[in-house]
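Okay, entry-v5.txt now, which holds compact mmCIF, C-alpha atoms:
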```txt
# COMPACT_ATOMS: atom_id res chain seq x y z
CA MET A 1 -45.81 -26.27 93.70
CA SER A 2 -42.51 -28.06 94.09
CA ASP A 3 -39.98 -26.55 96.47
CA THR A 4 -37.39 -26.96 93.75
CA THR A 5 -39.08 -24.57 91.29
CA GLU A 6 -38.65 -20.85 91.37
CA PRO A 7 -41.30 -19.17 93.57
CA GLY A 8 -44.04 -17.48 91.57
CA ASN A 9 -43.36 -19.56 88.47
CA PRO A 10 -45.17 -22.90 88.94
CA PHE A 11 -45.20 -23.56 85.20
CA THR A 12 -41.49 -22.89 84.67
CA PRO A 13 -39.44 -26.04 85.39
CA HIS A 14 -36.33 -24.13 86.46
CA THR A 15 -34.84 -24.49 89.91
CA PRO A 16 -33.14 -21.48 91.50
CA SER A 17 -29.85 -23.16 90.67
CA ASP A 18 -30.84 -23.46 86.99
CA VAL A 19 -31.76 -19.78 86.86
CA GLU A 20 -28.51 -18.74 88.53
CA GLN A 21 -26.43 -20.75 86.03
CA MET A 22 -28.30 -19.25 83.06
CA LEU A 23 -27.87 -15.71 84.40
CA ASP A 24 -24.16 -16.31 84.92
CA ALA A 25 -23.87 -17.54 81.32
CA VAL A 26 -25.30 -14.28 79.95
CA ASP A 27 -23.63 -12.08 82.59
CA ALA A 28 -26.88 -10.83 84.12
CA ASP A 29 -27.70 -10.28 87.79
CA ASP A 30 -31.43 -10.82 87.50
CA ALA A 31 -33.97 -12.05 84.92
CA THR A 32 -35.40 -8.53 84.72
CA ASP A 33 -32.07 -7.40 83.25
CA LEU A 34 -33.00 -9.34 80.09
CA PHE A 35 -35.88 -6.97 79.34
CA ASP A 36 -35.71 -3.30 78.41
CA ILE A 37 -39.14 -2.07 79.48
CA PRO A 38 -39.62 1.72 79.74
CA SER A 39 -40.59 2.80 83.24
CA ALA A 40 -43.70 4.54 81.90
CA VAL A 41 -45.26 1.23 80.87
CA ARG A 42 -43.61 -1.09 83.40
CA PHE A 43 -46.04 -2.89 85.70
CA ASP A 44 -45.70 -1.52 89.21
CA GLY A 45 -47.89 -4.11 90.90
CA GLU A 46 -51.14 -2.12 90.66
CA LEU A 47 -53.53 -2.42 87.70
CA GLY A 48 -55.49 0.70 88.65
CA ILE A 49 -58.81 -0.95 87.81
CA ASP A 50 -61.56 -0.64 90.41
CA ALA A 51 -63.36 -3.83 91.31
CA ARG A 52 -66.95 -4.02 90.03
CA GLY A 53 -69.66 -6.58 89.48
CA GLU A 54 -70.29 -8.44 86.24
CA GLN A 55 -73.44 -6.49 85.34
CA GLU A 56 -71.74 -3.12 85.92
CA LEU A 57 -68.68 -4.21 83.95
CA LYS A 58 -70.75 -5.39 80.98
CA ARG A 59 -72.65 -2.09 80.96
CA GLU A 60 -69.40 -0.09 80.97
CA ILE A 61 -67.88 -2.17 78.16
CA THR A 62 -71.07 -1.82 76.10
CA GLU A 63 -71.04 1.96 76.54
CA THR A 64 -67.36 2.11 75.58
CA LEU A 65 -67.84 0.04 72.44
CA ALA A 66 -70.85 2.14 71.50
CA GLN A 67 -68.49 5.08 71.02
CA ASN A 68 -67.07 3.44 67.88
CA ASP A 69 -68.10 5.11 64.64
CA GLU A 70 -70.54 3.07 62.61
CA LEU A 71 -69.07 3.47 59.14
CA VAL A 72 -69.81 1.68 55.90
CA GLU A 73 -66.34 0.70 54.77
CA PHE A 74 -65.25 0.95 51.14
CA MET A 75 -61.68 0.11 52.11
CA GLY A 76 -59.43 -2.59 50.70
CA ARG A 77 -55.71 -2.53 49.88
CA GLY A 78 -55.15 -6.09 51.04
CA HIS A 79 -57.98 -6.48 53.55
CA PHE A 80 -61.21 -7.52 51.85
CA ALA A 81 -64.62 -8.61 53.05
CA HIS A 82 -66.87 -11.16 51.38
CA TYR A 83 -70.02 -12.52 52.94
CA VAL A 84 -69.12 -15.50 55.13
CA PRO A 85 -71.94 -18.11 55.24
CA SER A 86 -73.25 -18.90 58.70
CA MET A 87 -72.38 -22.55 58.24
CA VAL A 88 -68.69 -21.60 58.49
CA ASP A 89 -69.23 -20.34 62.04
CA GLU A 90 -71.47 -23.24 62.97
CA LEU A 91 -69.06 -25.94 61.78
CA SER A 92 -65.71 -24.33 62.62
CA MET A 93 -66.83 -23.59 66.19
CA ARG A 94 -67.35 -27.27 66.96
CA SER A 95 -65.30 -28.28 69.97
CA GLU A 96 -63.04 -30.68 68.08
CA PHE A 97 -61.87 -27.76 65.93
CA VAL A 98 -61.58 -24.86 68.38
CA THR A 99 -59.78 -26.95 71.01
CA SER A 100 -57.24 -28.32 68.54
CA TYR A 101 -53.73 -26.97 68.22
CA THR A 102 -51.18 -28.36 65.78
CA GLN A 103 -52.29 -31.82 64.66
CA TYR A 104 -49.21 -33.72 65.83
CA GLN A 105 -51.24 -36.83 66.72
CA PRO A 106 -52.78 -38.04 63.47
CA GLU A 107 -54.55 -40.93 65.18
CA ILE A 108 -56.95 -38.44 66.83
CA ALA A 109 -56.99 -35.66 64.21
CA GLN A 110 -57.86 -37.33 60.91
CA GLY A 111 -60.88 -35.10 60.25
CA PHE A 112 -58.98 -31.87 60.81
CA LEU A 113 -55.96 -33.11 58.86
CA GLN A 114 -58.17 -34.06 55.92
CA ALA A 115 -59.74 -30.59 55.93
CA LEU A 116 -56.28 -29.01 55.85
CA PHE A 117 -55.27 -31.36 53.04
CA GLU A 118 -58.33 -30.13 51.12
CA PHE A 119 -57.24 -26.53 51.78
CA GLN A 120 -53.84 -27.32 50.27
CA SER A 121 -55.49 -29.12 47.34
CA MET A 122 -57.68 -26.09 46.58
CA LEU A 123 -54.60 -23.86 46.44
CA VAL A 124 -52.79 -26.34 44.20
CA GLU A 125 -55.73 -26.26 41.80
CA LEU A 126 -56.00 -22.47 41.88
CA THR A 127 -52.28 -21.75 41.49
CA GLY A 128 -51.28 -24.61 39.18
CA LEU A 129 -48.27 -25.26 41.40
CA GLU A 130 -47.65 -28.66 42.95
CA ILE A 131 -47.12 -27.81 46.63
CA ALA A 132 -49.09 -25.64 49.06
CA ASN A 133 -48.77 -25.47 52.82
CA CYS A 134 -51.72 -25.35 55.21
CA SER A 135 -51.48 -21.58 55.71
CA ILE A 136 -49.11 -19.01 57.09
CA TYR A 137 -49.59 -15.84 59.16
CA ASP A 138 -50.64 -13.42 56.42
CA ALA A 139 -49.68 -12.12 52.98
CA ALA A 140 -46.80 -10.00 54.30
CA THR A 141 -45.06 -12.82 56.16
CA ALA A 142 -45.67 -15.12 53.18
CA LEU A 143 -43.77 -12.60 51.02
CA GLY A 144 -40.94 -12.47 53.55
CA GLU A 145 -40.74 -16.27 53.61
CA ALA A 146 -40.66 -16.32 49.79
CA ALA A 147 -37.65 -13.98 49.81
CA THR A 148 -35.66 -16.17 52.18
CA LEU A 149 -36.67 -19.27 50.21
CA ALA A 150 -35.42 -17.60 47.02
CA GLN A 151 -32.05 -16.95 48.60
CA ARG A 152 -31.78 -20.57 49.77
CA VAL A 153 -32.68 -22.23 46.46
CA ARG A 154 -31.11 -19.86 43.91
CA SER A 155 -28.29 -21.69 42.19
CA THR A 156 -26.02 -18.63 41.95
CA SER A 157 -25.29 -15.83 44.38
CA GLY A 158 -27.82 -13.03 44.62
CA ASP A 159 -28.84 -10.66 47.36
CA ARG A 160 -31.38 -8.34 45.70
CA VAL A 161 -35.16 -8.64 45.87
CA LEU A 162 -37.17 -6.58 43.38
CA VAL A 163 -40.66 -5.39 44.30
CA PRO A 164 -43.04 -2.95 42.57
CA GLU A 165 -42.77 0.70 43.54
CA LEU A 166 -46.50 0.56 44.29
CA LEU A 167 -46.49 -1.85 47.21
CA HIS A 168 -48.45 -1.64 50.46
CA GLU A 169 -46.18 -0.01 53.03
CA GLY A 170 -46.95 -2.62 55.67
CA LYS A 171 -46.03 -5.46 53.36
CA ARG A 172 -42.83 -3.67 52.38
CA GLY A 173 -41.95 -3.18 56.04
CA VAL A 174 -42.38 -6.86 56.91
CA LEU A 175 -40.32 -7.87 53.87
CA GLU A 176 -37.49 -5.57 54.93
CA ASN A 177 -37.54 -7.08 58.42
CA TYR A 178 -37.18 -10.53 56.87
CA ALA A 179 -34.42 -9.29 54.55
CA ASP A 180 -32.35 -7.82 57.37
CA GLY A 181 -31.16 -11.15 58.79
CA PRO A 182 -29.84 -12.78 55.61
CA ASP A 183 -28.57 -9.40 54.29
CA LEU A 184 -30.98 -9.22 51.36
CA VAL A 185 -31.46 -5.85 49.68
CA VAL A 186 -35.00 -4.78 48.77
CA ASP A 187 -35.11 -2.65 45.60
CA THR A 188 -38.03 -1.41 43.53
CA TYR A 189 -38.88 -1.36 39.86
CA PRO A 190 -41.20 1.20 38.19
CA MET A 191 -44.88 0.85 37.37
CA ASP A 192 -46.74 2.07 34.30
CA ASP A 193 -50.36 3.05 34.98
CA ALA A 194 -50.36 0.75 38.04
CA ASN A 195 -49.06 -2.26 36.10
CA VAL A 196 -45.49 -3.47 35.72
CA ASP A 197 -43.31 -1.27 33.55
CA VAL A 198 -41.61 -4.11 31.66
CA ASP A 199 -38.84 -1.92 30.25
CA GLY A 200 -38.18 -0.47 33.68
CA LEU A 201 -38.04 -3.93 35.22
CA GLU A 202 -35.66 -5.10 32.52
CA ALA A 203 -33.35 -2.19 33.33
CA ALA A 204 -33.50 -2.95 37.07
CA ILE A 205 -33.00 -6.71 36.95
CA ASP A 206 -29.56 -8.31 36.84
CA ASP A 207 -27.92 -11.59 37.75
CA ASP A 208 -27.63 -10.48 41.38
CA VAL A 209 -31.42 -10.58 41.74
CA ALA A 210 -32.70 -13.56 43.73
CA MET A 211 -36.41 -12.80 43.48
CA VAL A 212 -38.84 -10.66 41.50
CA TYR A 213 -42.22 -9.96 43.06
CA ALA A 214 -45.38 -8.82 41.30
CA GLU A 215 -49.05 -8.74 42.26
CA ASN A 216 -52.25 -9.63 40.44
CA PRO A 217 -54.43 -7.78 41.25
CA THR A 218 -52.09 -4.95 42.19
CA VAL A 219 -52.38 -2.83 45.31
CA ARG A 220 -54.35 -0.31 43.21
CA GLY A 221 -56.82 -3.02 42.22
CA THR A 222 -55.67 -3.23 38.61
CA VAL A 223 -55.41 -6.56 36.82
CA GLU A 224 -51.75 -7.13 35.94
CA GLU A 225 -51.38 -7.58 32.18
CA ASN A 226 -47.63 -8.20 32.08
CA ALA A 227 -47.26 -11.15 34.44
CA SER A 228 -45.90 -13.44 31.72
CA ALA A 229 -43.26 -10.87 30.77
CA VAL A 230 -42.20 -10.63 34.43
CA GLY A 231 -41.90 -14.41 34.58
CA ASP A 232 -39.77 -14.46 31.42
CA LEU A 233 -37.40 -11.78 32.74
CA ALA A 234 -37.03 -13.56 36.08
CA ASP A 235 -36.29 -16.84 34.31
CA GLU A 236 -33.66 -15.22 32.07
CA HIS A 237 -31.77 -14.04 35.15
CA ASP A 238 -32.24 -17.23 37.19
CA ALA A 239 -34.40 -15.39 39.72
CA LEU A 240 -37.54 -16.74 41.35
CA PHE A 241 -40.78 -15.16 40.18
CA VAL A 242 -43.09 -14.68 43.16
CA LEU A 243 -46.67 -13.65 42.44
CA GLY A 244 -49.05 -12.19 45.01
CA SER A 245 -52.75 -12.94 44.61
CA ASP A 246 -55.76 -14.35 46.47
CA PRO A 247 -58.07 -17.35 46.01
CA VAL A 248 -61.05 -15.39 44.69
CA ALA A 249 -58.98 -13.53 42.09
CA MET A 250 -57.17 -16.71 41.05
CA SER A 251 -60.47 -18.43 40.33
CA LEU A 252 -60.95 -16.01 37.42
CA LEU A 253 -57.51 -14.75 36.39
CA GLN A 254 -54.88 -16.74 34.53
CA ARG A 255 -53.28 -19.36 36.76
CA PRO A 256 -49.98 -18.20 38.28
CA ALA A 257 -48.16 -21.33 37.06
CA ASP A 258 -49.20 -20.49 33.50
CA VAL A 259 -47.40 -17.13 33.66
CA GLY A 260 -44.23 -18.66 35.05
CA ALA A 261 -44.69 -18.12 38.79
CA ASP A 262 -42.36 -20.17 40.99
CA VAL A 263 -44.05 -19.17 44.24
CA VAL A 264 -47.52 -17.79 44.97
CA VAL A 265 -48.17 -15.85 48.16
CA GLY A 266 -51.13 -13.82 49.30
CA GLU A 267 -54.09 -13.43 51.59
CA ALA A 268 -57.04 -15.80 51.91
CA ALA A 269 -58.80 -14.22 54.89
CA MET A 270 -61.54 -12.75 52.67
CA LEU A 271 -62.86 -16.32 52.66
CA GLY A 272 -63.92 -17.63 56.05
CA LEU A 273 -62.99 -14.50 57.99
CA GLY A 274 -64.10 -11.48 56.01
CA THR A 275 -62.56 -8.24 57.25
CA ALA A 276 -60.60 -9.44 60.24
CA TYR A 277 -59.05 -6.07 61.20
CA GLY A 278 -55.48 -7.29 61.24
CA MET A 279 -55.78 -11.07 61.37
CA GLY A 280 -54.80 -12.83 58.17
CA THR A 281 -54.63 -16.25 56.59
CA GLY A 282 -51.56 -16.28 54.39
CA ILE A 283 -51.16 -18.64 51.45
CA PHE A 284 -47.92 -20.13 50.20
CA ALA A 285 -47.63 -22.40 47.17
CA THR A 286 -44.60 -23.38 45.14
CA ARG A 287 -43.08 -25.90 42.76
CA GLU A 288 -42.33 -29.44 43.90
CA ASP A 289 -38.61 -28.73 43.37
CA TYR A 290 -38.73 -26.60 46.53
CA LEU A 291 -40.77 -29.01 48.63
CA ARG A 292 -38.24 -29.29 51.44
CA GLN A 293 -37.84 -25.51 51.62
CA VAL A 294 -41.51 -24.68 52.21
CA PRO A 295 -42.16 -22.83 55.51
CA GLY A 296 -45.01 -23.72 57.82
CA ARG A 297 -47.08 -26.89 58.05
CA LEU A 298 -47.56 -29.51 55.34
CA VAL A 299 -50.22 -32.20 55.49
CA GLY A 300 -49.51 -35.35 53.50
CA ALA A 301 -51.68 -38.32 52.48
CA SER A 302 -50.56 -41.86 53.20
CA GLU A 303 -52.02 -45.21 54.29
CA ASP A 304 -52.43 -46.76 57.73
CA ASP A 305 -51.61 -50.37 58.64
CA ASP A 306 -54.97 -51.50 57.25
CA GLY A 307 -54.38 -49.86 53.89
CA ARG A 308 -56.84 -47.03 54.50
CA ARG A 309 -56.11 -43.48 53.31
CA ALA A 310 -54.71 -41.45 56.19
CA TYR A 311 -53.35 -37.95 56.74
CA THR A 312 -50.42 -36.66 58.76
CA LEU A 313 -48.08 -33.71 59.10
CA THR A 314 -45.08 -34.50 56.95
CA LEU A 315 -41.48 -33.43 56.32
CA GLN A 316 -41.34 -31.83 59.73
CA THR A 317 -37.55 -31.72 59.69
CA ARG A 318 -38.05 -28.41 57.86
CA GLU A 319 -39.54 -26.92 60.99
CA GLN A 320 -38.12 -25.02 63.93
CA HIS A 321 -39.45 -27.38 66.58
CA ILE A 322 -37.43 -30.22 65.00
CA ARG A 323 -34.16 -28.72 63.79
CA ARG A 324 -34.10 -25.25 65.32
CA GLU A 325 -31.09 -23.49 63.72
CA ARG A 326 -31.37 -25.54 60.51
CA ALA A 327 -35.10 -24.99 60.05
CA THR A 328 -36.44 -23.31 56.93
CA SER A 329 -38.24 -20.64 58.96
CA ASN A 330 -39.58 -19.77 62.39
CA ILE A 331 -43.22 -19.98 61.30
CA CYS A 332 -44.51 -22.16 64.13
CA THR A 333 -47.77 -20.69 65.38
CA ASN A 334 -50.72 -22.76 64.25
CA GLN A 335 -52.98 -21.23 61.60
CA ALA A 336 -54.98 -24.42 61.09
CA TRP A 337 -58.35 -23.11 62.31
CA LEU A 338 -58.20 -20.15 59.93
CA ALA A 339 -57.27 -22.41 57.01
CA LEU A 340 -60.16 -24.66 57.99
CA ARG A 341 -62.59 -21.74 57.72
CA VAL A 342 -61.18 -20.76 54.32
CA ALA A 343 -61.60 -24.33 53.08
CA MET A 344 -65.17 -24.48 54.39
CA HIS A 345 -66.12 -21.21 52.68
CA ALA A 346 -64.49 -22.21 49.39
CA ALA A 347 -66.17 -25.64 49.48
CA HIS A 348 -69.51 -23.97 50.18
CA LEU A 349 -69.11 -21.73 47.13
CA GLY A 350 -67.79 -24.52 44.91
CA ALA A 351 -65.89 -23.92 41.68
CA ASP A 352 -68.81 -22.21 39.92
CA GLY A 353 -69.58 -20.08 42.98
CA MET A 354 -65.97 -18.92 43.23
CA VAL A 355 -66.00 -17.88 39.56
CA ASP A 356 -69.36 -16.12 39.95
CA LEU A 357 -68.05 -14.18 42.95
CA ALA A 358 -64.86 -13.24 41.09
CA GLU A 359 -66.79 -12.04 38.06
CA ARG A 360 -68.89 -9.85 40.33
CA MET A 361 -65.66 -8.35 41.70
CA VAL A 362 -64.89 -7.11 38.18
CA GLU A 363 -68.38 -5.79 37.53
CA LEU A 364 -68.91 -3.91 40.81
CA PRO A 365 -65.87 -1.57 40.63
CA THR A 366 -66.63 -0.88 36.96
CA GLU A 367 -70.16 0.19 37.81
CA LEU A 368 -69.23 2.25 40.86
CA ALA A 369 -66.32 3.97 39.11
CA ALA A 370 -68.65 4.99 36.26
CA ASP A 371 -71.17 6.47 38.73
CA LEU A 372 -68.46 8.43 40.53
CA ASP A 373 -66.88 9.60 37.29
CA ALA A 374 -70.20 11.19 36.32
CA LEU A 375 -69.84 13.61 39.27
CA ASP A 376 -68.08 16.97 39.04
CA GLY A 377 -64.74 17.09 40.85
CA ILE A 378 -63.75 13.44 40.58
CA GLU A 379 -62.22 11.17 37.94
CA ALA A 380 -62.66 7.40 38.27
CA PRO A 381 -60.91 5.16 37.65
CA VAL A 382 -57.52 6.83 37.38
CA HIS A 383 -55.88 3.83 35.74
CA ASP A 384 -56.98 2.70 32.29
CA ARG A 385 -57.03 -0.96 33.30
CA HIS A 386 -59.38 -3.73 34.24
CA HIS A 387 -60.01 -3.61 37.99
CA PHE A 388 -60.75 -6.21 40.64
CA ARG A 389 -62.68 -5.11 43.74
CA GLU A 390 -61.11 -1.64 43.96
CA PHE A 391 -59.90 1.36 42.00
CA ALA A 392 -58.19 4.71 42.47
CA ALA A 393 -60.05 7.97 41.88
CA ARG A 394 -58.62 11.48 41.46
CA THR A 395 -60.30 14.36 43.28
CA ASP A 396 -60.01 18.09 42.64
CA ARG A 397 -60.16 18.73 46.38
CA SER A 398 -57.63 17.32 48.82
CA ALA A 399 -58.19 13.57 49.05
CA ALA A 400 -57.66 13.65 52.81
CA ASP A 401 -60.33 16.35 53.17
CA VAL A 402 -62.76 14.42 50.99
CA ALA A 403 -62.15 11.25 53.00
CA ALA A 404 -62.71 13.14 56.26
CA ASP A 405 -65.95 14.64 54.97
CA LEU A 406 -67.12 11.22 53.78
CA GLU A 407 -66.39 9.85 57.24
CA SER A 408 -68.71 12.44 58.73
CA GLU A 409 -71.34 11.14 56.28
CA GLY A 410 -70.81 7.57 57.48
CA PHE A 411 -68.39 6.19 54.86
CA ALA A 412 -64.74 5.16 55.03
CA VAL A 413 -62.38 5.20 52.04
CA HIS A 414 -58.61 5.31 51.67
CA ALA A 415 -56.79 8.56 50.91
CA ILE A 416 -53.61 7.29 49.23
CA ASP A 417 -52.13 10.53 47.89
CA ASP A 418 -52.77 14.26 47.87
CA HIS A 419 -55.57 13.92 45.31
CA LEU A 420 -56.10 10.16 45.13
CA LEU A 421 -58.75 8.11 46.87
CA GLN A 422 -59.02 4.34 46.71
CA VAL A 423 -62.44 2.74 46.83
CA CYS A 424 -63.16 -0.98 47.32
CA VAL A 425 -66.55 -2.56 46.65
CA THR A 426 -67.55 -6.18 47.28
CA ASP A 427 -70.73 -8.16 47.88
CA VAL A 428 -70.65 -6.94 51.50
CA ASN A 429 -71.01 -3.20 50.81
CA GLU A 430 -72.53 -3.11 47.31
CA HIS A 431 -75.94 -2.33 48.85
CA ALA A 432 -74.55 1.07 49.92
CA THR A 433 -72.98 2.18 46.63
CA ASP A 434 -75.82 4.56 45.75
CA ASP A 435 -75.55 6.17 49.17
CA LEU A 436 -71.77 6.50 48.74
CA VAL A 437 -72.24 8.22 45.39
CA ALA A 438 -74.76 10.62 46.91
CA ALA A 439 -72.43 11.37 49.81
CA MET A 440 -69.52 11.89 47.42
CA GLU A 441 -71.56 14.35 45.39
CA ALA A 442 -72.41 16.25 48.57
CA VAL A 443 -68.85 16.52 49.87
CA LEU A 444 -67.36 17.39 46.48
```
Go ahead and express the file in the form of structure tokens.
Amino acid sequence: MSDTTEPGNPFTPHTPSDVEQMLDAVDADDATDLFDIPSAVRFDGELGIDARGEQELKREITETLAQNDELVEFMGRGHFAHYVPSMVDELSMRSEFVTSYTQYQPEIAQGFLQALFEFQSMLVELTGLEIANCSIYDAATALGEAATLAQRVRSTSGDRVLVPELLHEGKRGVLENYADGPDLVVDTYPMDDANVDVDGLEAAIDDDVAMVYAENPTVRGTVEENASAVGDLADEHDALFVLGSDPVAMSLLQRPADVGADVVVGEAAMLGLGTAYGMGTGIFATREDYLRQVPGRLVGASEDDDGRRAYTLTLQTREQHIRRERATSNICTNQAWLALRVAMHAAHLGADGMVDLAERMVELPTELAADLDALDGIEAPVHDRHHFREFAARTDRSAADVAADLESEGFAVHAIDDHLLQVCVTDVNEHATDDLVAAMEAVL
């Protein structure tokens, strides 16, 4: 370690003089003054973990993990599981993929860059829009980025963002965090039987609206039947129409571009990752008019000096590491490996396989809802709509009590209201639907 660097920080290229000047500039006595860490969680120099051997440690960790409940999950609401082929693990775990960060050096990353270009191309085909980036954190941050993009590109002033009253609370929270900086206001419009209430939206929208957001499928699992009407209303008021969806749903439903969507956001982690318990693979696609406003990474195709097709990250002046305060967003963390897995899974399924899987996601909830509806004490589905993967069911008993009793029987479902459950079924848990129905009958 150089004598000129600060002791204890060999990887921080600041001399004591540098640190002193920076502290003076912000009127702080010490670097610790820059952090507000409660004393209860502040590190006091002792971890409080007794030393132990590897075998003992592995045994303890195994025993701790064994305390987890082994539940069959029928949970969705934005996090979905589809069977991920083993080839996705085998190929994506190759060293050239797992050791790669952002592909800044195209001369040594052509394979990875081509895979990301294919990921973008798949989204372009699914959405009908011309531009897609090579992933973003998750669906919630994609929605937040869409809101700030809408404010930047809207030709007239507007500070309102309209979202459905039925919106996942986590997604709404992230959007409001994004909206706080540029002083956007997040308002809601009403829903009618879990789909957009077109008259209610028309009453809520005005020329001060920068963006209108809708989902297909909705958070209740219903297929949105009024997407075109939403697109028309947004267009009449010069607002961007942002549609939330996912690659599996889009392989069967009407293309977002065909209903007037200007931006498509959503989650793709159900391909390549399955239920990732928090980790996501966000998608972001838009019209070519907004190419220079797209957040995140973009892979472009070009030619090398020998005239061969080549791939490279392009238009990087949009990004924080190039222009900082003038960047389109602060999305900088690399999501390339997750996008790679999505592309692998989608390529493995192929176009016909994607459609077959999507069709099954319409059939399964229809069948399960009918079986549950035949029981006393439950009505399923609540909404008189087509459903994709999931549906809401009304219970005579408290939904929270029913969910707790089902958990004791080995099943997990969402309790979304006093007497509403939400049940999600995919190819991963369809083998347990009969057992779920039997358990439901017992607890009801």
- prompt: Which is closest to Pro164 (chain A) among A:Tyr213, A:Tyr83, A:Tyr137, A:Phe117, if we use all atoms listed in the file?
  reply: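 Ranked by minimum distance to Pro164 (chain A), first place goes to A:Tyr213.
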task: Choose the residue, out of A:His82, A:Arg172, A:Arg220, A:Arg318, that has the smallest atom-to-atom separation from His386 (chain A); count all atoms listed in the file.
output: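 Of A:His82, A:Arg172, A:Arg220, A:Arg318, the one nearest His386 (chain A), counting all atoms listed in the file, is A:Arg220.
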query: Which of these residues is nearest to Ser245 (chain A), using all atoms listed in the file: A:Ala351, A:Gly144, A:Gly78, A:Ala204?
result: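 Residue with the minimum atom-to-atom distance to Ser245 (chain A): A:Gly78.
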- prompt: In Å to one decimal, how far is CA of Ile322 (chain A) from CA of Leu184 (chain A)?
  reply: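 Taking CA of Leu184 (chain A) and CA of Ile322 (chain A), their separation equals 25.9 Å.
Pairwise distance (CA of Ala285 (chain A), CA of Glu118 (chain A)) equals 13.8 Å.
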